[in-house]
Amino acid sequence: MTTIPLLTLNDGHRIPAMGFGTYPLDNPQAEAAVREALRAGYRLFDTASRYGNESGVGTGLVSFDVGREDIFVTTKLRGADQGFDSTLRAFESSLERLKMSYVDLYLIHWPLPMKDQYVESWKAMVRLRDEGRIRSIGVSNFLPEHLQRLVDETGVTPAVNQIEMHADFAQGALLETHRKLGILTEAWSPLGHGKLLENPVVQRVAARHGKSGAQVLLRWVIDSGAIPIPKSAHPERMRANLHSFDFQLTADDMRDLATLDSPHNRIGGDPATYVEE
Ligand SMILES: NC(=O)c1ccc[n+]([C@@H]2O[C@H](COP(=O)([O-])OP(=O)(O)OC[C@H]3O[C@@H](n4cnc5c(N)ncnc54)[C@H](OP(=O)(O)O)[C@@H]3O)[C@@H](O)[C@H]2O)c1
């Protein structure tokens, strides 16, 4: 079993340097995948109310022989639940589905600036954190102006911003904002949703190290200072993806991979306009 290093968040809590993504697994698939991932050594698990699999994730986690303090569970507030009271209610429902008394990290899934409720949602999350129901609070898909507004209006900086980030969509400017504010970056779709695995540049770097494309892409995220949360439903891939800590990319490798980067390579929605259904 691979042991994953820990990083420290701006609130002092520790977080594993790689996690396990669970979208788009349904409840039975998520339950089985989470058990396999625990066996492989994953300790950070990423789910969301919107994925509809919190129940399966929770069942997989509580049925495995590992202490609650040894795992790190993230879930997210869906857009329809944004607002102060609705956030408090949505959080209780997530906890119930997860069968847990707290979560390690709760994120606002998308800013939805047109709805203009993310500051109210954030205030509710600050309260839940102060009550001990959530260890760390953060956001997902937030742009610099959304982050700044939270800080200006509440004085509380998110511990994490979970963003789309892969070698061909490197998000340099947003990472610089995170660095200045002391926010840790989590990278979703770190493998480009699987589409980057056979990229010739990625494959060339992989061949230099005797590694797979997936391992190179995950190592690139780690070396860029972020936490990758790859998803796989296959146990052998889950295990292989963890072998991204036992080699290092050279400056030449990083230069080669940087040639892939373009702001046009976004896979998901643009947070400025994205409307969560
Ligand atoms: N916050 C957000 O808005 C947001 C948005 C999207 C995703 N996420 C989170 O980020 C997680 C990861 O993102 P993602 O699932 O979109 O993309 P990803 O992790 O970049 O890629 C997943 C795809 O790669 C395949 N794969 C994984 N490891 C592989 C390997 N070693 N060799 C070959 N293929 C491999 C998987 O197939 P198999 O399963 O068949 O192995 C799957 O098709 C999600 O599960 C979710 O938890 C968050």
# chains A, B, ... in the order shown; residues from 1 in each chain; ligands from 1

call {"tool": "residues_near_ligand", "arguments": {"ligand": "ligand 1", "cutoff": "9 Å", "atoms": "only C-alpha atoms and all ligand atoms", "output": "compact mmCIF listing (two decimals) with all heavy atoms, in the first residue's frame"}}
result
# COMPACT_ATOMS: atom_id res chain seq x y z
N GLY A 19 -5.76 12.81 -3.92
CA GLY A 19 -7.07 12.32 -3.50
C GLY A 19 -7.68 11.41 -4.54
O GLY A 19 -7.09 11.17 -5.59
N PHE A 20 -8.89 10.96 -4.23
CA PHE A 20 -9.61 10.06 -5.13
C PHE A 20 -10.93 10.71 -5.53
O PHE A 20 -11.76 11.03 -4.68
CB PHE A 20 -9.87 8.72 -4.41
CG PHE A 20 -10.54 7.70 -5.29
CD1 PHE A 20 -9.83 7.08 -6.30
CD2 PHE A 20 -11.89 7.42 -5.14
CE1 PHE A 20 -10.46 6.16 -7.14
CE2 PHE A 20 -12.52 6.50 -5.98
CZ PHE A 20 -11.81 5.87 -6.98
N GLY A 21 -11.12 10.92 -6.84
CA GLY A 21 -12.36 11.52 -7.36
C GLY A 21 -13.44 10.47 -7.57
O GLY A 21 -13.12 9.33 -7.94
N THR A 22 -14.69 10.83 -7.35
CA THR A 22 -15.75 9.82 -7.43
C THR A 22 -16.83 10.13 -8.47
O THR A 22 -17.80 9.39 -8.59
CB THR A 22 -16.45 9.63 -6.07
OG1 THR A 22 -17.11 10.86 -5.72
CG2 THR A 22 -15.47 9.22 -4.99
N TYR A 23 -16.67 11.22 -9.22
CA TYR A 23 -17.65 11.51 -10.27
C TYR A 23 -17.23 10.82 -11.56
O TYR A 23 -16.04 10.88 -11.89
CB TYR A 23 -17.74 13.03 -10.50
CG TYR A 23 -18.75 13.40 -11.55
CD1 TYR A 23 -20.12 13.43 -11.23
CD2 TYR A 23 -18.36 13.66 -12.86
CE1 TYR A 23 -21.05 13.74 -12.20
CE2 TYR A 23 -19.30 13.97 -13.83
CZ TYR A 23 -20.64 14.00 -13.50
OH TYR A 23 -21.56 14.29 -14.46
N PRO A 24 -18.10 10.16 -12.31
CA PRO A 24 -19.56 10.06 -12.21
C PRO A 24 -20.05 8.71 -11.69
O PRO A 24 -21.02 8.16 -12.21
CB PRO A 24 -19.97 10.24 -13.66
CG PRO A 24 -18.89 9.53 -14.43
CD PRO A 24 -17.63 9.60 -13.58
N LEU A 25 -19.40 8.18 -10.65
CA LEU A 25 -19.81 6.88 -10.12
C LEU A 25 -21.17 6.99 -9.42
O LEU A 25 -21.42 7.98 -8.72
CB LEU A 25 -18.76 6.38 -9.12
CG LEU A 25 -17.32 6.25 -9.67
CD1 LEU A 25 -16.34 5.98 -8.53
CD2 LEU A 25 -17.25 5.13 -10.72
N PHE A 45 -11.00 11.64 -0.10
CA PHE A 45 -12.10 11.25 -0.98
C PHE A 45 -12.92 12.47 -1.34
O PHE A 45 -13.29 13.25 -0.46
CB PHE A 45 -12.94 10.16 -0.31
CG PHE A 45 -12.12 8.92 -0.11
CD1 PHE A 45 -11.35 8.76 1.03
CD2 PHE A 45 -12.05 7.96 -1.11
CE1 PHE A 45 -10.53 7.65 1.19
CE2 PHE A 45 -11.24 6.85 -0.96
CZ PHE A 45 -10.48 6.69 0.19
N ASP A 46 -13.19 12.60 -2.65
CA ASP A 46 -13.90 13.77 -3.15
C ASP A 46 -15.27 13.38 -3.69
O ASP A 46 -15.38 12.63 -4.66
CB ASP A 46 -13.08 14.41 -4.29
CG ASP A 46 -13.70 15.71 -4.76
OD1 ASP A 46 -13.52 16.73 -4.06
OD2 ASP A 46 -14.40 15.71 -5.80
N THR A 47 -16.32 13.90 -3.05
CA THR A 47 -17.67 13.67 -3.54
C THR A 47 -18.39 15.02 -3.55
O THR A 47 -17.79 16.07 -3.34
CB THR A 47 -18.40 12.60 -2.69
OG1 THR A 47 -19.72 12.41 -3.22
CG2 THR A 47 -18.51 13.00 -1.23
N ALA A 48 -19.68 15.00 -3.85
CA ALA A 48 -20.48 16.23 -3.89
C ALA A 48 -21.94 15.83 -3.82
O ALA A 48 -22.33 14.78 -4.33
CB ALA A 48 -20.22 17.00 -5.19
N TYR A 51 -23.25 14.91 -7.14
CA TYR A 51 -22.87 13.65 -7.78
C TYR A 51 -23.88 12.53 -7.48
O TYR A 51 -23.88 11.51 -8.15
CB TYR A 51 -21.47 13.17 -7.33
CG TYR A 51 -20.33 14.11 -7.63
CD1 TYR A 51 -19.08 13.90 -7.07
CD2 TYR A 51 -20.48 15.20 -8.47
CE1 TYR A 51 -18.01 14.75 -7.33
CE2 TYR A 51 -19.43 16.06 -8.73
CZ TYR A 51 -18.19 15.84 -8.16
OH TYR A 51 -17.15 16.69 -8.40
N LYS A 76 -19.51 18.78 -1.32
CA LYS A 76 -19.72 20.13 -1.85
C LYS A 76 -21.18 20.54 -1.82
O LYS A 76 -22.07 19.69 -1.95
CB LYS A 76 -19.23 20.19 -3.31
CG LYS A 76 -17.85 19.60 -3.52
CD LYS A 76 -17.33 19.79 -4.94
CE LYS A 76 -16.09 18.95 -5.19
NZ LYS A 76 -16.37 17.59 -5.65
N LEU A 107 -17.00 22.35 0.37
CA LEU A 107 -16.72 23.34 -0.68
C LEU A 107 -18.02 23.88 -1.28
O LEU A 107 -18.98 23.13 -1.46
CB LEU A 107 -15.92 22.70 -1.82
CG LEU A 107 -14.61 21.97 -1.47
CD1 LEU A 107 -14.01 21.33 -2.73
CD2 LEU A 107 -13.61 22.92 -0.84
N ILE A 108 -18.02 25.16 -1.65
CA ILE A 108 -19.08 25.69 -2.51
C ILE A 108 -18.73 25.23 -3.92
O ILE A 108 -17.64 25.54 -4.43
CB ILE A 108 -19.14 27.24 -2.46
CG1 ILE A 108 -19.40 27.72 -1.03
CG2 ILE A 108 -20.20 27.75 -3.43
CD1 ILE A 108 -19.41 29.24 -0.88
N HIS A 109 -19.62 24.47 -4.56
CA HIS A 109 -19.25 23.75 -5.79
C HIS A 109 -18.94 24.70 -6.95
O HIS A 109 -17.97 24.50 -7.67
CB HIS A 109 -20.39 22.80 -6.17
CG HIS A 109 -19.95 21.62 -6.98
ND1 HIS A 109 -20.53 20.39 -6.89
CD2 HIS A 109 -18.97 21.48 -7.91
CE1 HIS A 109 -19.93 19.54 -7.71
NE2 HIS A 109 -18.98 20.18 -8.34
N TRP A 110 -19.77 25.71 -7.15
CA TRP A 110 -19.56 26.72 -8.20
C TRP A 110 -19.96 28.07 -7.63
O TRP A 110 -20.91 28.14 -6.84
CB TRP A 110 -20.42 26.41 -9.44
CG TRP A 110 -19.93 25.26 -10.25
CD1 TRP A 110 -20.26 23.94 -10.07
CD2 TRP A 110 -19.01 25.29 -11.36
NE1 TRP A 110 -19.60 23.16 -10.99
CE2 TRP A 110 -18.84 23.95 -11.80
CE3 TRP A 110 -18.32 26.31 -12.02
CZ2 TRP A 110 -18.00 23.62 -12.87
CZ3 TRP A 110 -17.49 25.97 -13.09
CH2 TRP A 110 -17.34 24.64 -13.50
N VAL A 139 -13.75 26.40 -1.42
CA VAL A 139 -14.60 26.69 -2.57
C VAL A 139 -14.10 25.88 -3.76
O VAL A 139 -13.04 25.26 -3.70
CB VAL A 139 -14.59 28.20 -2.89
CG1 VAL A 139 -15.23 28.99 -1.76
CG2 VAL A 139 -13.18 28.71 -3.18
N SER A 140 -14.87 25.93 -4.83
CA SER A 140 -14.48 25.25 -6.05
C SER A 140 -14.88 26.13 -7.23
O SER A 140 -15.96 26.75 -7.21
CB SER A 140 -15.19 23.89 -6.12
OG SER A 140 -14.85 23.22 -7.30
N ASN A 141 -14.03 26.18 -8.20
CA ASN A 141 -14.30 26.94 -9.43
C ASN A 141 -14.45 28.44 -9.18
O ASN A 141 -15.16 29.12 -9.93
CB ASN A 141 -15.56 26.39 -10.14
CG ASN A 141 -15.41 24.91 -10.48
OD1 ASN A 141 -14.49 24.53 -11.17
ND2 ASN A 141 -16.29 24.08 -9.94
N ASN A 161 -9.20 26.01 -3.03
CA ASN A 161 -10.03 26.24 -4.21
C ASN A 161 -9.79 25.06 -5.14
O ASN A 161 -8.67 24.84 -5.59
CB ASN A 161 -9.66 27.56 -4.91
CG ASN A 161 -10.66 27.97 -6.00
OD1 ASN A 161 -11.76 27.39 -6.09
ND2 ASN A 161 -10.31 28.95 -6.81
N GLN A 162 -10.84 24.29 -5.38
CA GLN A 162 -10.72 23.12 -6.27
C GLN A 162 -11.11 23.57 -7.68
O GLN A 162 -12.25 23.98 -7.92
CB GLN A 162 -11.65 22.00 -5.79
CG GLN A 162 -11.52 20.74 -6.63
CD GLN A 162 -12.48 19.64 -6.23
OE1 GLN A 162 -13.37 19.27 -6.99
NE2 GLN A 162 -12.31 19.09 -5.05
N ILE A 163 -10.14 23.50 -8.59
CA ILE A 163 -10.34 24.08 -9.93
C ILE A 163 -9.99 23.07 -11.02
O ILE A 163 -9.26 22.11 -10.78
CB ILE A 163 -9.46 25.34 -10.12
CG1 ILE A 163 -7.98 25.00 -9.91
CG2 ILE A 163 -9.93 26.46 -9.19
CD1 ILE A 163 -7.03 26.11 -10.35
N GLU A 164 -10.51 23.33 -12.20
CA GLU A 164 -10.08 22.53 -13.36
C GLU A 164 -8.61 22.85 -13.63
O GLU A 164 -8.23 24.01 -13.81
CB GLU A 164 -10.93 22.87 -14.59
CG GLU A 164 -10.43 22.10 -15.79
CD GLU A 164 -11.27 22.29 -17.05
OE1 GLU A 164 -12.38 22.88 -16.97
OE2 GLU A 164 -10.81 21.82 -18.11
N MET A 165 -7.79 21.83 -13.69
CA MET A 165 -6.35 22.05 -13.91
C MET A 165 -5.73 20.77 -14.45
O MET A 165 -5.86 19.71 -13.85
CB MET A 165 -5.69 22.44 -12.58
CG MET A 165 -4.19 22.61 -12.65
SD MET A 165 -3.54 23.02 -11.00
CE MET A 165 -1.79 22.86 -11.31
N HIS A 166 -5.13 20.87 -15.61
CA HIS A 166 -4.39 19.75 -16.21
C HIS A 166 -3.26 20.35 -17.02
O HIS A 166 -3.26 21.54 -17.31
CB HIS A 166 -5.31 18.86 -17.04
CG HIS A 166 -6.52 19.52 -17.62
ND1 HIS A 166 -6.50 20.15 -18.85
CD2 HIS A 166 -7.77 19.71 -17.13
CE1 HIS A 166 -7.70 20.66 -19.10
NE2 HIS A 166 -8.50 20.43 -18.07
N GLU A 186 -6.66 22.43 -5.37
CA GLU A 186 -6.93 21.04 -5.76
C GLU A 186 -7.24 21.05 -7.26
O GLU A 186 -7.96 21.94 -7.73
CB GLU A 186 -8.13 20.47 -5.01
CG GLU A 186 -7.82 20.07 -3.59
CD GLU A 186 -8.97 19.32 -2.93
OE1 GLU A 186 -10.14 19.53 -3.34
OE2 GLU A 186 -8.72 18.54 -2.02
N ALA A 187 -6.72 20.05 -7.98
CA ALA A 187 -6.88 19.99 -9.43
C ALA A 187 -7.91 18.94 -9.81
O ALA A 187 -7.69 17.74 -9.59
CB ALA A 187 -5.55 19.66 -10.09
N TRP A 188 -9.05 19.40 -10.38
CA TRP A 188 -9.99 18.39 -10.90
C TRP A 188 -9.72 18.11 -12.37
O TRP A 188 -9.12 18.92 -13.05
CB TRP A 188 -11.44 18.72 -10.62
CG TRP A 188 -12.12 19.96 -11.12
CD1 TRP A 188 -12.40 21.08 -10.39
CD2 TRP A 188 -12.73 20.18 -12.42
NE1 TRP A 188 -13.10 21.98 -11.15
CE2 TRP A 188 -13.33 21.45 -12.39
CE3 TRP A 188 -12.83 19.43 -13.58
CZ2 TRP A 188 -14.00 22.01 -13.49
CZ3 TRP A 188 -13.50 19.96 -14.67
CH2 TRP A 188 -14.08 21.23 -14.63
N SER A 189 -10.11 16.92 -12.82
CA SER A 189 -9.73 16.41 -14.16
C SER A 189 -8.22 16.52 -14.39
O SER A 189 -7.78 17.01 -15.44
CB SER A 189 -10.51 17.13 -15.27
OG SER A 189 -11.87 16.80 -15.24
N PRO A 190 -7.41 16.03 -13.44
CA PRO A 190 -5.95 16.16 -13.59
C PRO A 190 -5.41 15.37 -14.78
O PRO A 190 -4.32 15.66 -15.26
CB PRO A 190 -5.40 15.59 -12.27
CG PRO A 190 -6.47 14.66 -11.80
CD PRO A 190 -7.76 15.30 -12.20
N LEU A 191 -6.20 14.39 -15.27
CA LEU A 191 -5.77 13.62 -16.45
C LEU A 191 -6.45 14.17 -17.71
O LEU A 191 -6.50 13.49 -18.73
CB LEU A 191 -6.13 12.14 -16.27
CG LEU A 191 -5.61 11.50 -14.97
CD1 LEU A 191 -6.15 10.08 -14.82
CD2 LEU A 191 -4.10 11.51 -14.93
N GLY A 192 -6.99 15.38 -17.59
CA GLY A 192 -7.74 15.94 -18.73
C GLY A 192 -8.95 15.08 -19.03
O GLY A 192 -9.30 14.89 -20.19
N HIS A 193 -9.55 14.53 -17.96
CA HIS A 193 -10.70 13.63 -18.08
C HIS A 193 -10.31 12.39 -18.91
O HIS A 193 -11.12 11.82 -19.64
CB HIS A 193 -11.88 14.38 -18.71
CG HIS A 193 -13.21 13.79 -18.35
ND1 HIS A 193 -13.64 13.63 -17.06
CD2 HIS A 193 -14.20 13.30 -19.13
CE1 HIS A 193 -14.83 13.07 -17.07
NE2 HIS A 193 -15.19 12.85 -18.30
N GLY A 194 -9.05 12.01 -18.83
CA GLY A 194 -8.54 10.83 -19.56
C GLY A 194 -8.04 11.16 -20.96
O GLY A 194 -7.37 10.35 -21.60
N LYS A 195 -8.35 12.39 -21.43
CA LYS A 195 -8.06 12.69 -22.84
C LYS A 195 -6.59 13.02 -23.11
O LYS A 195 -6.17 13.02 -24.26
CB LYS A 195 -8.94 13.87 -23.29
CG LYS A 195 -10.42 13.54 -23.32
CD LYS A 195 -11.22 14.66 -23.96
CE LYS A 195 -12.71 14.36 -23.90
NZ LYS A 195 -13.35 14.86 -22.67
N LEU A 196 -5.82 13.30 -22.05
CA LEU A 196 -4.43 13.70 -22.26
C LEU A 196 -3.45 12.53 -22.18
O LEU A 196 -2.26 12.70 -22.43
CB LEU A 196 -4.03 14.71 -21.16
CG LEU A 196 -4.25 16.19 -21.42
CD1 LEU A 196 -3.84 16.97 -20.18
CD2 LEU A 196 -3.43 16.64 -22.62
N LEU A 197 -3.98 11.36 -21.84
CA LEU A 197 -3.08 10.24 -21.51
C LEU A 197 -2.17 9.83 -22.66
O LEU A 197 -1.04 9.45 -22.46
CB LEU A 197 -3.92 9.04 -21.04
CG LEU A 197 -4.71 9.28 -19.75
CD1 LEU A 197 -5.75 8.19 -19.54
CD2 LEU A 197 -3.76 9.36 -18.57
N SER A 212 3.92 5.90 -16.82
CA SER A 212 2.76 6.02 -17.71
C SER A 212 2.42 7.50 -17.91
O SER A 212 2.86 8.36 -17.13
CB SER A 212 1.56 5.31 -17.09
OG SER A 212 1.14 6.02 -15.95
N GLY A 213 1.61 7.77 -18.93
CA GLY A 213 1.14 9.14 -19.14
C GLY A 213 0.39 9.66 -17.92
O GLY A 213 0.55 10.81 -17.52
N ALA A 214 -0.42 8.80 -17.31
CA ALA A 214 -1.18 9.22 -16.12
C ALA A 214 -0.25 9.64 -15.00
O ALA A 214 -0.45 10.68 -14.34
CB ALA A 214 -2.10 8.08 -15.66
N GLN A 215 0.80 8.87 -14.78
CA GLN A 215 1.73 9.20 -13.68
C GLN A 215 2.44 10.52 -13.94
O GLN A 215 2.65 11.32 -13.02
CB GLN A 215 2.73 8.05 -13.50
CG GLN A 215 2.07 6.82 -12.88
CD GLN A 215 2.84 5.53 -13.09
OE1 GLN A 215 3.68 5.42 -14.00
NE2 GLN A 215 2.55 4.53 -12.27
N PRO A 228 -3.79 16.59 -6.92
CA PRO A 228 -4.65 15.98 -7.93
C PRO A 228 -5.67 15.05 -7.30
O PRO A 228 -5.37 14.38 -6.30
CB PRO A 228 -3.65 15.19 -8.79
CG PRO A 228 -2.50 14.88 -7.89
CD PRO A 228 -2.48 15.93 -6.81
N ILE A 229 -6.86 14.99 -7.90
CA ILE A 229 -7.89 14.07 -7.40
C ILE A 229 -8.40 13.21 -8.56
O ILE A 229 -9.56 13.30 -8.96
CB ILE A 229 -9.05 14.80 -6.68
CG1 ILE A 229 -9.57 16.00 -7.52
CG2 ILE A 229 -8.63 15.29 -5.30
CD1 ILE A 229 -10.91 16.55 -6.99
N PRO A 230 -7.52 12.33 -9.09
CA PRO A 230 -7.92 11.51 -10.23
C PRO A 230 -9.03 10.53 -9.86
O PRO A 230 -9.10 10.08 -8.71
CB PRO A 230 -6.64 10.75 -10.58
CG PRO A 230 -5.89 10.67 -9.29
CD PRO A 230 -6.19 11.97 -8.59
N LYS A 231 -9.85 10.22 -10.84
CA LYS A 231 -10.88 9.19 -10.66
C LYS A 231 -10.52 7.99 -11.52
O LYS A 231 -10.12 8.14 -12.69
CB LYS A 231 -12.25 9.75 -11.08
CG LYS A 231 -13.36 8.70 -11.19
CD LYS A 231 -13.56 8.21 -12.61
CE LYS A 231 -14.55 7.07 -12.71
NZ LYS A 231 -14.60 6.48 -14.06
N SER A 232 -10.66 6.80 -10.97
CA SER A 232 -10.64 5.59 -11.79
C SER A 232 -11.54 4.56 -11.14
O SER A 232 -11.59 4.45 -9.92
CB SER A 232 -9.24 5.00 -11.94
OG SER A 232 -9.34 3.81 -12.71
N ALA A 233 -12.25 3.81 -11.97
CA ALA A 233 -13.07 2.73 -11.45
C ALA A 233 -12.29 1.42 -11.45
O ALA A 233 -12.82 0.40 -11.04
CB ALA A 233 -14.33 2.61 -12.31
N HIS A 234 -11.03 1.46 -11.93
CA HIS A 234 -10.24 0.23 -12.04
C HIS A 234 -9.16 0.17 -10.96
O HIS A 234 -8.29 1.04 -10.91
CB HIS A 234 -9.58 0.17 -13.42
CG HIS A 234 -10.57 0.03 -14.53
ND1 HIS A 234 -11.11 1.12 -15.19
CD2 HIS A 234 -11.13 -1.07 -15.07
CE1 HIS A 234 -11.95 0.69 -16.10
NE2 HIS A 234 -12.00 -0.62 -16.05
N PRO A 235 -9.19 -0.89 -10.12
CA PRO A 235 -8.23 -0.99 -9.02
C PRO A 235 -6.77 -0.87 -9.46
O PRO A 235 -5.98 -0.19 -8.81
CB PRO A 235 -8.51 -2.37 -8.42
CG PRO A 235 -9.93 -2.65 -8.77
CD PRO A 235 -10.19 -1.98 -10.08
N GLU A 236 -6.41 -1.49 -10.60
CA GLU A 236 -4.99 -1.45 -11.00
C GLU A 236 -4.60 -0.02 -11.39
O GLU A 236 -3.48 0.43 -11.13
CB GLU A 236 -4.67 -2.48 -12.10
CG GLU A 236 -5.25 -2.24 -13.48
CD GLU A 236 -6.76 -2.56 -13.59
OE1 GLU A 236 -7.39 -2.94 -12.59
OE2 GLU A 236 -7.31 -2.38 -14.71
N ARG A 237 -5.52 0.73 -11.99
CA ARG A 237 -5.23 2.14 -12.32
C ARG A 237 -5.17 3.00 -11.05
O ARG A 237 -4.34 3.90 -10.94
CB ARG A 237 -6.28 2.69 -13.27
CG ARG A 237 -6.22 2.08 -14.65
CD ARG A 237 -7.33 2.65 -15.50
NE ARG A 237 -7.28 2.15 -16.86
CZ ARG A 237 -8.22 2.42 -17.77
NH1 ARG A 237 -9.26 3.15 -17.46
NH2 ARG A 237 -8.12 1.93 -19.00
N MET A 238 -6.08 2.73 -10.12
CA MET A 238 -6.03 3.47 -8.84
C MET A 238 -4.66 3.33 -8.21
O MET A 238 -4.06 4.30 -7.75
CB MET A 238 -7.05 2.89 -7.83
CG MET A 238 -8.48 3.07 -8.19
SD MET A 238 -9.46 2.20 -6.91
CE MET A 238 -11.03 2.14 -7.73
N ARG A 239 -4.17 2.08 -8.19
CA ARG A 239 -2.86 1.82 -7.56
C ARG A 239 -1.74 2.48 -8.36
O ARG A 239 -0.87 3.14 -7.80
CB ARG A 239 -2.61 0.30 -7.47
CG ARG A 239 -3.40 -0.39 -6.37
CD ARG A 239 -2.90 -1.81 -6.13
NE ARG A 239 -3.16 -2.69 -7.26
CZ ARG A 239 -4.31 -3.35 -7.47
NH1 ARG A 239 -5.30 -3.22 -6.61
NH2 ARG A 239 -4.46 -4.12 -8.53
N ALA A 240 -1.80 2.31 -9.68
CA ALA A 240 -0.73 2.87 -10.53
C ALA A 240 -0.68 4.39 -10.38
O ALA A 240 0.40 4.98 -10.34
CB ALA A 240 -0.98 2.49 -11.98
N ASN A 241 -1.85 5.03 -10.28
CA ASN A 241 -1.86 6.50 -10.19
C ASN A 241 -1.15 7.01 -8.94
O ASN A 241 -0.61 8.12 -8.92
CB ASN A 241 -3.30 7.01 -10.23
CG ASN A 241 -3.92 6.86 -11.62
OD1 ASN A 241 -3.22 6.57 -12.60
ND2 ASN A 241 -5.24 7.04 -11.72
N ILE A 267 -12.10 22.12 -20.23
CA ILE A 267 -13.06 21.04 -20.54
C ILE A 267 -14.44 21.39 -19.99
O ILE A 267 -15.46 21.21 -20.64
CB ILE A 267 -12.62 19.71 -19.88
CG1 ILE A 267 -11.26 19.27 -20.41
CG2 ILE A 267 -13.66 18.63 -20.13
CD1 ILE A 267 -10.68 18.08 -19.61
N GLY A 268 -14.46 21.89 -18.76
CA GLY A 268 -15.73 22.15 -18.08
C GLY A 268 -16.22 23.57 -18.32
O GLY A 268 -15.77 24.26 -19.24
N GLY A 269 -17.14 24.01 -17.47
CA GLY A 269 -17.75 25.33 -17.63
C GLY A 269 -16.82 26.46 -17.22
O GLY A 269 -15.86 26.26 -16.48

call {"tool": "select_by_dssp", "arguments": {"residues": "stretch 68-178 of chain A", "states": "strand (DSSP E)", "output": "compact mmCIF listing (two decimals) with C-alpha atoms, in the first residue's frame"}}
result
# COMPACT_ATOMS: atom_id res chain seq x y z
CA PHE A 72 -10.18 13.05 4.76
CA VAL A 73 -13.68 13.47 3.31
CA THR A 74 -14.66 16.32 1.01
CA THR A 75 -18.16 17.11 -0.16
CA LYS A 76 -19.72 20.13 -1.85
CA LEU A 77 -22.70 22.45 -1.68
CA VAL A 103 -16.62 16.39 7.11
CA ASP A 104 -13.00 17.38 6.68
CA LEU A 105 -13.62 19.82 3.85
CA TYR A 106 -16.84 21.40 2.59
CA LEU A 107 -16.72 23.34 -0.68
CA ILE A 108 -19.08 25.69 -2.51
CA ILE A 134 -16.66 20.94 9.31
CA ARG A 135 -12.89 20.92 9.82
CA SER A 136 -11.96 23.10 6.83
CA ILE A 137 -14.02 25.23 4.46
CA GLY A 138 -13.23 26.03 0.88
CA VAL A 139 -14.60 26.69 -2.57
CA SER A 140 -14.48 25.25 -6.05
CA VAL A 160 -8.87 25.31 -0.73
CA ASN A 161 -10.03 26.24 -4.21
CA GLN A 162 -10.72 23.12 -6.27
CA ILE A 163 -10.34 24.08 -9.93
CA GLU A 164 -10.08 22.53 -13.36

call {"tool": "closest_residue", "arguments": {"among": "A:Ala258, A:Val275, A:Ala17, A:Ala206", "to": "A:Gln171", "atoms": "only C-alpha atoms"}}
result
A:Ala258

call {"tool": "atom_distance", "arguments": {"atom1": "atom CA of A:Gln248", "atom2": "atom CA of A:Val202"}}
result
14.2 Å

call {"tool": "atom_distance", "arguments": {"atom1": "atom CA of A:Glu69", "atom2": "atom CA of A:Leu175"}}
result
29.2 Å

call {"tool": "atom_distance", "arguments": {"atom1": "atom CA of A:Asp116", "atom2": "atom CA of A:Thr185"}}
result
23.3 Å

call {"tool": "select_by_dssp", "arguments": {"residues": "stretch 144-274 of chain A", "states": "helix (DSSP H, G or I)", "output": "number ranges by chain"}}
result
A: 144-154, 172-181, 200-209, 213-223, 235-242, 251-258, 263-265

call {"tool": "residues_around", "arguments": {"residues": "A:Lys180", "least_positions_apart": "4", "cutoff": "12 Å", "atoms": "only C-alpha atoms", "output": "list in words"}}
result
Asn10, Pro144, Leu147, Gln148, Thr157, Ala173, Leu174, Leu175, Glu176 and Leu184 of chain A

call {"tool": "write_last_selection", "arguments": {"atoms": "N, CA, C and O atoms", "output": "compact mmCIF listing (two decimals), in the first residue's frame"}}
result
# COMPACT_ATOMS: atom_id res chain seq x y z
N ASN A 10 -4.16 26.40 5.30
CA ASN A 10 -3.96 27.68 5.99
C ASN A 10 -4.66 27.75 7.36
O ASN A 10 -4.44 28.68 8.13
N PRO A 144 -10.54 34.85 -9.16
CA PRO A 144 -9.94 35.77 -8.19
C PRO A 144 -10.95 36.76 -7.59
O PRO A 144 -10.92 37.03 -6.38
N LEU A 147 -12.98 35.06 -4.87
CA LEU A 147 -12.17 34.79 -3.67
C LEU A 147 -12.00 36.08 -2.86
O LEU A 147 -12.18 36.11 -1.64
N GLN A 148 -11.68 37.17 -3.60
CA GLN A 148 -11.43 38.44 -2.93
C GLN A 148 -12.68 38.93 -2.20
O GLN A 148 -12.61 39.47 -1.09
N THR A 157 -10.57 33.48 4.70
CA THR A 157 -10.00 33.02 3.43
C THR A 157 -10.27 31.52 3.26
O THR A 157 -10.02 30.75 4.20
N ALA A 173 -2.25 31.96 -13.73
CA ALA A 173 -2.63 33.21 -13.07
C ALA A 173 -3.45 32.93 -11.80
O ALA A 173 -3.25 33.57 -10.76
N LEU A 174 -4.35 31.96 -11.89
CA LEU A 174 -5.18 31.64 -10.72
C LEU A 174 -4.32 31.04 -9.60
O LEU A 174 -4.51 31.36 -8.42
N LEU A 175 -3.35 30.22 -9.97
CA LEU A 175 -2.45 29.65 -8.96
C LEU A 175 -1.65 30.75 -8.26
O LEU A 175 -1.37 30.65 -7.06
N GLU A 176 -1.31 31.79 -8.99
CA GLU A 176 -0.57 32.90 -8.39
C GLU A 176 -1.46 33.62 -7.37
O GLU A 176 -1.01 34.00 -6.29
N LEU A 184 -4.79 26.63 -0.83
CA LEU A 184 -4.24 25.44 -1.49
C LEU A 184 -5.11 25.07 -2.70
O LEU A 184 -6.34 25.15 -2.64
